[in-house]
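Below is one structure, written out as structure tokens; comments come after it.
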Amino acid sequence: MNVLIKNGNAVIGDAFEPADIYIEGSKIVKIGKNIDCAADREIDASGKIVLPGFVDMHCHLRDPGQEYKEDIASGSAAALRGGFTSVACMPNTVPPVDNAALVKYVRTRAAEVDRAKVFPIGCITKGQQGKEMAEMGFMQEAGAVAFSDDGRPVSNANIMRLALEYAAGRNALIISHCEDKDLAGDGVANEGLNATVSGLKGITRAAEECMVARDIVLAETLGARVHIAHVSTKGSVELVRQAKARGVLVTCETCPHYFAATDDEILNYNTNAKINPPLRTQADVDAIVQGLQDGTIDAIATDHAPHHADEKNREFQAAPFGTSGFETAFSLAYTYLVETDKIDIVKLSKLMSGNPARILGLPTGELKEGACADITVIDPEKSYTVDSAKFVSKGKNSLFHGWKVKGAVVAVVVDGHEKEIKSYD
């Protein structure tokens with residue numbers, strides 16, 4: 001199929017300019033103004049923004065083993081609705097993705113449903129137990145794009161050292177879930193005033209920052225690269241900033257809930273505000289925004305964490321951590337970062353497309369001739385109220401239910417094929 005996207009304003013490299021995009025098969029073959037080519041499908045992007053398809057380098061699809069929360073079909077469809085053409089799913093499934101057979105299962109199932117592209121992340125340790133390294137080489141050969149024990153930290157520093165050394169030899173990426181479980185204990189919210197007045201057990205920011213510091217030191221010592229997941233505190237941002245200035249091969253991500261919300265959201269005991277790492281203070285939000293602005297933070301990921309309604313409909317202490325993130329991520333970023341003039345659309349495109357693709361080594365994330373035709377079209381004037389009941393995801397557990405946002409995904413092209421997505425109306 002040949003597709004022509006007409007009359008849009010596109011992010012091309014570092015420019016944001018009017019452009020038509022002509023696609024043949026799975027590739028972009030021409031970018032320019034007033035392209036006149038016969039096409040099987042023409043997308044009118046008048047008044048719209050045309051971006052490289054978003055790449056989410058951190059999500060949870062719950063498949064295999066917890067398909068009642070989400071599965072590869074529903075999750076990749078929800079990703080499309082959020083404008084994500086590629087997603088990398090964490091391995092904390094049941095059983096964990098700690099071997100080549102399960103990596104192949106995820107890839108095969110994703111190809112069968114044929115929605116957003118799904119790239120599996122394998123475990124660092126067998127069973128995510130933190131005791132013995134998993135067979136990362138076999139998993140990489142089977143298609144794993146990175147390795148993480150996300151959901152659980154690799155507490156043993158020597159195991160993490162060995163993992164970083166092994167990964168460096170294979171040009172593989174280690175993604176660190178930075179949390180000291182002993183410091184976090186059974187806390188459920190950011191340690192501070194709001195947790196105290198709510199009678200909730202706090203999680204010290206040191207639980208995150210100590211592990212960020214440890215893994216930066218290991219990466220620096222070994223000359224290896226490491227990626228820090230879901231950065232949430234001012235201290236973590238500063239640790240990464242200083243490490244980058246020293247030349248450490250460290251990258252990091254944050255999530256929309258860490259720049260759009262604070263721990264004020266826990267005051268009414270909304271369990272959808274129970275997230276790990278927890279929502280922090282306004283000072284942390286400000287530091288996250290600054291980190292996005294100056295390049296300390298490389299990517300915006302969703303940490304899409306779907307749960308069944310019955311699991312979230314409990315007292316705060318007993319409910320699971322996590323918020324459903326695919327279908328609100330871009331709108332939150334556009335509303336709270338672009339519309340407020342904190343960053344521009346070119347920067348946002350790099351944070352949600354170019355940088356995560358580069359970090360994961362995926363052949364996507366930018367609009368250029370010869371590139372993979374993964375494209376997302378945005379209506380920047382579309383305002384709507386988030387209604388989690390209308391999510392495509394099985395996970396209706398959205399912190400942002402009822403919030404008013406601006407900027408909606410109206411079309412998505414994956415490998416040159418326009419995908420059907422659900423309207424926000």
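Lettering and numbering for the structure tokens are positional, with chains as A, B, ... in the shown order, residues counted from 1 in each chain, and ligands counted from 1 in the shown order.
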
Please report, as JSON lines, each residue of segment 217-332 of chain A lying at most 10 Å from segment 42-55 of chain A, together with the nearest pair of atoms and the separation in Å rounded to one decimal; use only C-alpha atoms, and order rows by chain and ascending residue number.
{"residue": "A:Ala299", "atom": "CA", "partner": "A:Val55", "partner_atom": "CA", "distance": 9.4}
{"residue": "A:Ile300", "atom": "CA", "partner": "A:Val55", "partner_atom": "CA", "distance": 9.1}
{"residue": "A:Ala301", "atom": "CA", "partner": "A:Val55", "partner_atom": "CA", "distance": 8.1}
{"residue": "A:Thr302", "atom": "CA", "partner": "A:Val55", "partner_atom": "CA", "distance": 9.8}
{"residue": "A:Phe330", "atom": "CA", "partner": "A:Phe54", "partner_atom": "CA", "distance": 8.8}

Any chance you could export the current selection's N, CA and C atoms as a CSV table (one decimal), in the first residue's frame?
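What ended up in again06.csv:
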chain,number,residue,atom,x,y,z
A,299,ALA,N,14.3,10.4,28.0
A,299,ALA,CA,13.1,9.9,27.4
A,299,ALA,C,11.9,10.0,28.4
A,300,ILE,N,10.7,10.1,27.8
A,300,ILE,CA,9.5,10.0,28.5
A,300,ILE,C,8.9,8.6,28.2
A,301,ALA,N,8.7,7.8,29.2
A,301,ALA,CA,8.1,6.4,29.1
A,301,ALA,C,6.8,6.4,29.9
A,302,THR,N,6.0,5.4,29.6
A,302,THR,CA,4.7,5.4,30.3
A,302,THR,C,4.7,4.7,31.6
A,330,PHE,N,0.8,11.1,25.7
A,330,PHE,CA,1.1,12.2,24.9
A,330,PHE,C,0.3,13.4,25.3

Can you write out as JSON lines which residues of segment 57-105 of chain A fall within 12 Å of segment 253-266 of chain A, alongside each residue's closest atom pair and its distance in Å to one decimal, counting only C-alpha atoms and ordering rows by chain and ascending residue number?
{"residue": "A:Met57", "atom": "CA", "partner": "A:Glu253", "partner_atom": "CA", "distance": 8.7}
{"residue": "A:His58", "atom": "CA", "partner": "A:Glu253", "partner_atom": "CA", "distance": 8.9}
{"residue": "A:Cys59", "atom": "CA", "partner": "A:Cys255", "partner_atom": "CA", "distance": 10.7}

Backbone-only DSSP, helix (DSSP H, G or I) members of segment 55-262 of chain A, as an NGL selection string: :A and (72-81 or 100-113 or 126-128 or 136-142 or 157-169 or 181-184 or 193-198 or 206-222 or 234-245 or 256-260)

Filtered DSSP result for segment 161-328 of chain A, state strand (DSSP E), as a PyMOL selection string: chain A and resi 174-176+189-190+202-203+226-228+250-254+299-300

Separation of atom CA of Leu164 of chain A from atom CA of Phe326 of chain A, in Å and rounded to one decimal: 29.4 Å

Contact residues around Val412 of chain A with only C-alpha atoms at 6 Å, ignoring same-chain residues under 2 positions, as a list in words: Ile375, Thr376, Glu418 and Lys419 of chain A

Convert the current residue selection to file output with all heavy atoms, as a PDB file, in the first residue's frame.
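Contents of again_22.pdb, as written:
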ATOM      1  N   ILE A 375       4.525   6.467  11.990  1.00  0.00           N
ATOM      2  CA  ILE A 375       4.153   7.887  12.033  1.00  0.00           C
ATOM      3  C   ILE A 375       2.902   8.071  12.880  1.00  0.00           C
ATOM      4  O   ILE A 375       1.970   7.262  12.830  1.00  0.00           O
ATOM      5  CB  ILE A 375       3.904   8.417  10.601  1.00  0.00           C
ATOM      6  CG1 ILE A 375       5.176   8.261   9.758  1.00  0.00           C
ATOM      7  CG2 ILE A 375       3.447   9.866  10.617  1.00  0.00           C
ATOM      8  CD1 ILE A 375       4.986   8.569   8.282  1.00  0.00           C
ATOM      9  N   THR A 376       2.885   9.143  13.651  1.00  0.00           N
ATOM     10  CA  THR A 376       1.728   9.498  14.475  1.00  0.00           C
ATOM     11  C   THR A 376       1.275  10.901  14.109  1.00  0.00           C
ATOM     12  O   THR A 376       2.093  11.818  14.010  1.00  0.00           O
ATOM     13  CB  THR A 376       2.090   9.429  15.974  1.00  0.00           C
ATOM     14  OG1 THR A 376       2.431   8.070  16.297  1.00  0.00           O
ATOM     15  CG2 THR A 376       0.934   9.872  16.844  1.00  0.00           C
ATOM     16  N   GLU A 418      -1.768   2.169   7.816  1.00  0.00           N
ATOM     17  CA  GLU A 418      -2.562   2.941   8.763  1.00  0.00           C
ATOM     18  C   GLU A 418      -3.373   1.999   9.627  1.00  0.00           C
ATOM     19  O   GLU A 418      -4.054   1.097   9.127  1.00  0.00           O
ATOM     20  CB  GLU A 418      -3.499   3.915   8.046  1.00  0.00           C
ATOM     21  CG  GLU A 418      -4.240   4.824   9.009  1.00  0.00           C
ATOM     22  CD  GLU A 418      -5.195   5.795   8.346  1.00  0.00           C
ATOM     23  OE1 GLU A 418      -5.414   5.672   7.116  1.00  0.00           O
ATOM     24  OE2 GLU A 418      -5.719   6.670   9.056  1.00  0.00           O
ATOM     25  N   LYS A 419      -3.299   2.210  10.936  1.00  0.00           N
ATOM     26  CA  LYS A 419      -3.980   1.346  11.891  1.00  0.00           C
ATOM     27  C   LYS A 419      -5.269   2.011  12.374  1.00  0.00           C
ATOM     28  O   LYS A 419      -5.333   3.241  12.528  1.00  0.00           O
ATOM     29  CB  LYS A 419      -3.079   1.047  13.092  1.00  0.00           C
ATOM     30  CG  LYS A 419      -1.778   0.343  12.736  1.00  0.00           C
ATOM     31  CD  LYS A 419      -2.036  -1.066  12.235  1.00  0.00           C
ATOM     32  CE  LYS A 419      -0.743  -1.837  12.016  1.00  0.00           C
ATOM     33  NZ  LYS A 419      -0.959  -3.215  11.591  1.00  0.00           N
TER      34      LYS A 419
END

Separation of atom CA of Leu367 of chain A from atom CA of Ile12 of chain A, in Å and rounded to one decimal: 5.7 Å

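Distance-wise, atom CA of Ala224 of chain A and atom CA of Ala168 of chain A end up 5.6 Å apart.
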
Residues within 10 Å of segment 392-399 of chain A, only C-alpha atoms, excluding chain neighbours under 4 positions, as number ranges by chain: A: 61, 67-71, 73-82, 257, 261, 265, 270-275, 304-309, 311-313, 322-328, 386-388, 403, 421-422

Can I get the selected residues back with N, CA and C atoms, as a tab-separated table (two decimals), in the first residue's frame?
chain	number	residue	atom	x	y	z
A	61	LEU	N	2.77	-5.44	29.85
A	61	LEU	CA	1.66	-6.02	29.10
A	61	LEU	C	1.03	-7.22	29.81
A	67	GLU	N	-3.29	-12.23	32.08
A	67	GLU	CA	-4.05	-11.67	30.96
A	67	GLU	C	-5.36	-11.05	31.40
A	68	TYR	N	-5.80	-11.30	32.61
A	68	TYR	CA	-7.00	-10.62	33.11
A	68	TYR	C	-6.73	-9.13	33.34
A	69	LYS	N	-5.46	-8.76	33.51
A	69	LYS	CA	-5.10	-7.35	33.67
A	69	LYS	C	-4.87	-6.68	32.32
A	70	GLU	N	-4.19	-7.39	31.43
A	70	GLU	CA	-3.84	-6.90	30.11
A	70	GLU	C	-3.29	-8.09	29.34
A	71	ASP	N	-3.33	-8.02	28.03
A	71	ASP	CA	-2.64	-9.01	27.21
A	71	ASP	C	-1.97	-8.28	26.04
A	73	ALA	N	-2.57	-8.35	22.91
A	73	ALA	CA	-3.52	-7.77	21.96
A	73	ALA	C	-4.12	-6.47	22.48
A	74	SER	N	-4.64	-6.49	23.70
A	74	SER	CA	-5.28	-5.29	24.24
A	74	SER	C	-4.24	-4.21	24.52
A	75	GLY	N	-3.08	-4.60	25.02
A	75	GLY	CA	-2.05	-3.63	25.34
A	75	GLY	C	-1.49	-2.94	24.11
A	76	SER	N	-1.24	-3.70	23.06
A	76	SER	CA	-0.69	-3.07	21.85
A	76	SER	C	-1.73	-2.24	21.13
A	77	ALA	N	-3.02	-2.58	21.29
A	77	ALA	CA	-4.08	-1.72	20.75
A	77	ALA	C	-4.18	-0.42	21.53
A	78	ALA	N	-4.05	-0.50	22.85
A	78	ALA	CA	-4.06	0.71	23.68
A	78	ALA	C	-2.86	1.59	23.36
A	79	ALA	N	-1.73	0.96	23.10
A	79	ALA	CA	-0.53	1.71	22.72
A	79	ALA	C	-0.77	2.50	21.44
A	80	LEU	N	-1.38	1.86	20.46
A	80	LEU	CA	-1.70	2.55	19.21
A	80	LEU	C	-2.58	3.77	19.47
A	81	ARG	N	-3.57	3.61	20.31
A	81	ARG	CA	-4.47	4.73	20.59
A	81	ARG	C	-3.71	5.90	21.20
A	82	GLY	N	-2.65	5.59	21.93
A	82	GLY	CA	-1.83	6.64	22.51
A	82	GLY	C	-0.76	7.16	21.58
A	257	HIS	N	3.35	10.98	34.97
A	257	HIS	CA	2.85	11.23	36.32
A	257	HIS	C	3.87	11.93	37.21
A	261	ALA	N	1.81	15.51	38.06
A	261	ALA	CA	1.10	15.33	39.32
A	261	ALA	C	2.08	15.34	40.49
A	265	GLU	N	-2.16	14.06	45.27
A	265	GLU	CA	-3.18	13.15	44.76
A	265	GLU	C	-3.51	12.02	45.72
A	270	ASN	N	-6.96	8.04	46.76
A	270	ASN	CA	-7.20	7.50	45.42
A	270	ASN	C	-6.13	6.46	45.13
A	271	THR	N	-6.50	5.19	45.05
A	271	THR	CA	-5.51	4.13	44.86
A	271	THR	C	-4.86	4.19	43.47
A	272	ASN	N	-5.48	4.89	42.54
A	272	ASN	CA	-4.83	5.07	41.24
A	272	ASN	C	-3.62	6.00	41.34
A	273	ALA	N	-3.49	6.69	42.47
A	273	ALA	CA	-2.32	7.52	42.73
A	273	ALA	C	-1.23	6.75	43.47
A	274	LYS	N	-1.46	5.47	43.71
A	274	LYS	CA	-0.45	4.63	44.33
A	274	LYS	C	0.44	4.07	43.23
A	275	ILE	N	1.63	4.62	43.12
A	275	ILE	CA	2.56	4.34	42.02
A	275	ILE	C	3.94	4.12	42.62
A	304	HIS	N	3.37	1.98	31.79
A	304	HIS	CA	1.98	1.48	31.71
A	304	HIS	C	1.83	0.26	32.60
A	305	ALA	N	1.00	0.38	33.66
A	305	ALA	CA	0.85	-0.67	34.66
A	305	ALA	C	-0.63	-0.96	34.89
A	306	PRO	N	-1.25	-1.74	33.99
A	306	PRO	CA	-2.68	-2.02	34.11
A	306	PRO	C	-2.98	-3.01	35.23
A	307	HIS	N	-4.08	-2.74	35.94
A	307	HIS	CA	-4.58	-3.65	36.97
A	307	HIS	C	-6.08	-3.82	36.83
A	308	HIS	N	-6.58	-4.93	37.32
A	308	HIS	CA	-8.02	-5.15	37.34
A	308	HIS	C	-8.65	-4.21	38.36
A	309	ALA	N	-9.87	-3.78	38.07
A	309	ALA	CA	-10.56	-2.83	38.94
A	309	ALA	C	-10.69	-3.35	40.37
A	311	GLU	N	-8.68	-5.11	42.01
A	311	GLU	CA	-7.41	-5.01	42.73
A	311	GLU	C	-7.17	-3.59	43.25
A	312	LYS	N	-7.57	-2.62	42.46
A	312	LYS	CA	-7.40	-1.23	42.87
A	312	LYS	C	-8.49	-0.76	43.83
A	313	ASN	N	-9.61	-1.44	43.83
A	313	ASN	CA	-10.73	-1.04	44.69
A	313	ASN	C	-10.57	-1.65	46.08
A	322	GLY	N	0.68	1.29	40.56
A	322	GLY	CA	0.65	1.43	39.11
A	322	GLY	C	-0.55	2.16	38.56
A	323	THR	N	-0.33	2.83	37.42
A	323	THR	CA	-1.40	3.53	36.71
A	323	THR	C	-1.33	3.17	35.23
A	324	SER	N	-2.47	3.09	34.59
A	324	SER	CA	-2.54	2.79	33.17
A	324	SER	C	-2.08	4.02	32.38
A	325	GLY	N	-1.09	3.85	31.49
A	325	GLY	CA	-0.43	5.03	30.95
A	325	GLY	C	-0.44	5.26	29.46
A	326	PHE	N	-0.68	4.23	28.65
A	326	PHE	CA	-0.56	4.38	27.20
A	326	PHE	C	-1.40	5.51	26.63
A	327	GLU	N	-2.66	5.57	27.04
A	327	GLU	CA	-3.64	6.38	26.32
A	327	GLU	C	-3.70	7.85	26.74
A	328	THR	N	-2.88	8.20	27.73
A	328	THR	CA	-2.85	9.59	28.20
A	328	THR	C	-1.48	10.23	28.09
A	386	VAL	N	-10.28	13.05	30.16
A	386	VAL	CA	-9.89	11.65	30.23
A	386	VAL	C	-11.00	10.83	30.87
A	387	ASP	N	-11.44	9.79	30.18
A	387	ASP	CA	-12.47	8.88	30.69
A	387	ASP	C	-11.89	7.48	30.61
A	388	SER	N	-11.39	6.99	31.73
A	388	SER	CA	-10.72	5.69	31.72
A	388	SER	C	-11.67	4.54	31.39
A	403	TRP	N	-9.38	14.29	34.26
A	403	TRP	CA	-8.53	15.46	33.98
A	403	TRP	C	-8.79	15.96	32.56
A	421	ILE	N	-7.73	3.24	15.03
A	421	ILE	CA	-7.66	3.61	16.45
A	421	ILE	C	-9.00	4.18	16.90
A	422	LYS	N	-9.24	4.07	18.18
A	422	LYS	CA	-10.49	4.55	18.76
A	422	LYS	C	-10.44	6.05	18.97

Considering only C-alpha atoms, return as an mmCIF file with N, CA, C and O atoms, in the first residue's frame whatever protein or nucleic-acid residues lie within 7 Å of Glu179 of chain A, sequence-local ones (same chain, fewer than 2 positions apart) excluded.
data_model
loop_
_atom_site.group_PDB
_atom_site.id
_atom_site.type_symbol
_atom_site.label_atom_id
_atom_site.label_comp_id
_atom_site.auth_asym_id
_atom_site.auth_seq_id
_atom_site.Cartn_x
_atom_site.Cartn_y
_atom_site.Cartn_z
ATOM 1 N N PRO A 153 14.393 -4.665 42.302
ATOM 2 C CA PRO A 153 15.775 -4.224 42.063
ATOM 3 C C PRO A 153 16.725 -5.411 42.085
ATOM 4 O O PRO A 153 16.429 -6.447 42.686
ATOM 5 N N HIS A 177 15.932 -0.876 37.702
ATOM 6 C CA HIS A 177 14.836 -0.490 38.592
ATOM 7 C C HIS A 177 15.487 -0.045 39.894
ATOM 8 O O HIS A 177 15.865 -0.861 40.737
ATOM 9 N N LYS A 181 14.999 -1.949 48.443
ATOM 10 C CA LYS A 181 13.799 -2.504 49.072
ATOM 11 C C LYS A 181 13.840 -2.403 50.591
ATOM 12 O O LYS A 181 12.804 -2.258 51.247
ATOM 13 N N ALA A 207 15.536 5.694 49.009
ATOM 14 C CA ALA A 207 15.378 4.347 48.462
ATOM 15 C C ALA A 207 15.653 4.339 46.962
ATOM 16 O O ALA A 207 16.201 3.374 46.419
ATOM 17 N N GLU A 208 15.286 5.405 46.288
ATOM 18 C CA GLU A 208 15.589 5.535 44.862
ATOM 19 C C GLU A 208 17.011 6.026 44.649
ATOM 20 O O GLU A 208 17.773 5.451 43.853
ATOM 21 N N MET A 211 20.196 3.722 45.044
ATOM 22 C CA MET A 211 20.408 2.754 43.963
ATOM 23 C C MET A 211 20.807 3.440 42.666
ATOM 24 O O MET A 211 21.583 2.888 41.879
#

Who sits within 9 Å of Arg161 of chain A, only C-alpha atoms, same chain under 5 positions skipped, as a PyMOL selection string: chain A and resi 156+166+215+218-219+222

Go ahead and save the residues from that selection, with all heavy atoms, as a short mmCIF file (atom, residue, chain, number, x, y, z; two decimals), in the first residue's frame.
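Full text of out.cif as output:
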data_model
loop_
_atom_site.label_atom_id
_atom_site.label_comp_id
_atom_site.auth_asym_id
_atom_site.auth_seq_id
_atom_site.Cartn_x
_atom_site.Cartn_y
_atom_site.Cartn_z
N ASN A 156 21.83 -7.25 44.86
CA ASN A 156 23.21 -7.68 44.99
C ASN A 156 24.08 -6.90 44.01
O ASN A 156 23.97 -7.05 42.79
CB ASN A 156 23.31 -9.18 44.72
CG ASN A 156 24.70 -9.74 44.97
OD1 ASN A 156 25.69 -9.19 44.51
ND2 ASN A 156 24.75 -10.85 45.68
N TYR A 166 28.72 -8.22 31.32
CA TYR A 166 28.29 -9.14 30.26
C TYR A 166 27.55 -8.38 29.16
O TYR A 166 27.79 -8.58 27.97
CB TYR A 166 27.38 -10.22 30.84
CG TYR A 166 26.97 -11.26 29.83
CD1 TYR A 166 27.83 -12.30 29.49
CD2 TYR A 166 25.73 -11.21 29.21
CE1 TYR A 166 27.47 -13.26 28.57
CE2 TYR A 166 25.35 -12.15 28.28
CZ TYR A 166 26.22 -13.18 27.95
OH TYR A 166 25.86 -14.11 27.02
N ASP A 215 24.33 2.34 40.83
CA ASP A 215 24.43 1.86 39.45
C ASP A 215 25.21 2.81 38.55
O ASP A 215 25.86 2.39 37.59
CB ASP A 215 23.03 1.57 38.90
CG ASP A 215 22.42 0.34 39.55
OD1 ASP A 215 23.17 -0.41 40.21
OD2 ASP A 215 21.20 0.12 39.42
N LEU A 218 28.80 1.86 39.35
CA LEU A 218 29.17 0.61 38.68
C LEU A 218 29.41 0.85 37.19
O LEU A 218 30.40 0.36 36.62
CB LEU A 218 28.07 -0.43 38.87
CG LEU A 218 27.97 -1.06 40.26
CD1 LEU A 218 26.73 -1.95 40.34
CD2 LEU A 218 29.22 -1.88 40.58
N ALA A 219 28.51 1.61 36.55
CA ALA A 219 28.67 1.89 35.13
C ALA A 219 29.95 2.67 34.87
O ALA A 219 30.67 2.42 33.89
CB ALA A 219 27.45 2.66 34.62
N LEU A 222 33.05 0.40 35.26
CA LEU A 222 33.19 -0.61 34.21
C LEU A 222 33.26 -0.02 32.81
O LEU A 222 33.56 -0.74 31.85
CB LEU A 222 32.01 -1.58 34.28
CG LEU A 222 31.85 -2.36 35.59
CD1 LEU A 222 30.50 -3.07 35.62
CD2 LEU A 222 32.98 -3.37 35.75
#

A:Ile124, A:Met1, A:Cys252, A:Ala333 ranked by distance to Asp415 of chain A, top pick (using only C-alpha atoms):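 Answer, going by the shortest atom-to-atom distance: A:Met1.
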
Among listed residues A:Ala134, A:Val250, A:Val240, A:Ile5, nearest Val29 of chain A (using only C-alpha atoms):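 So, comparing all the options, the nearest one is A:Ile5.
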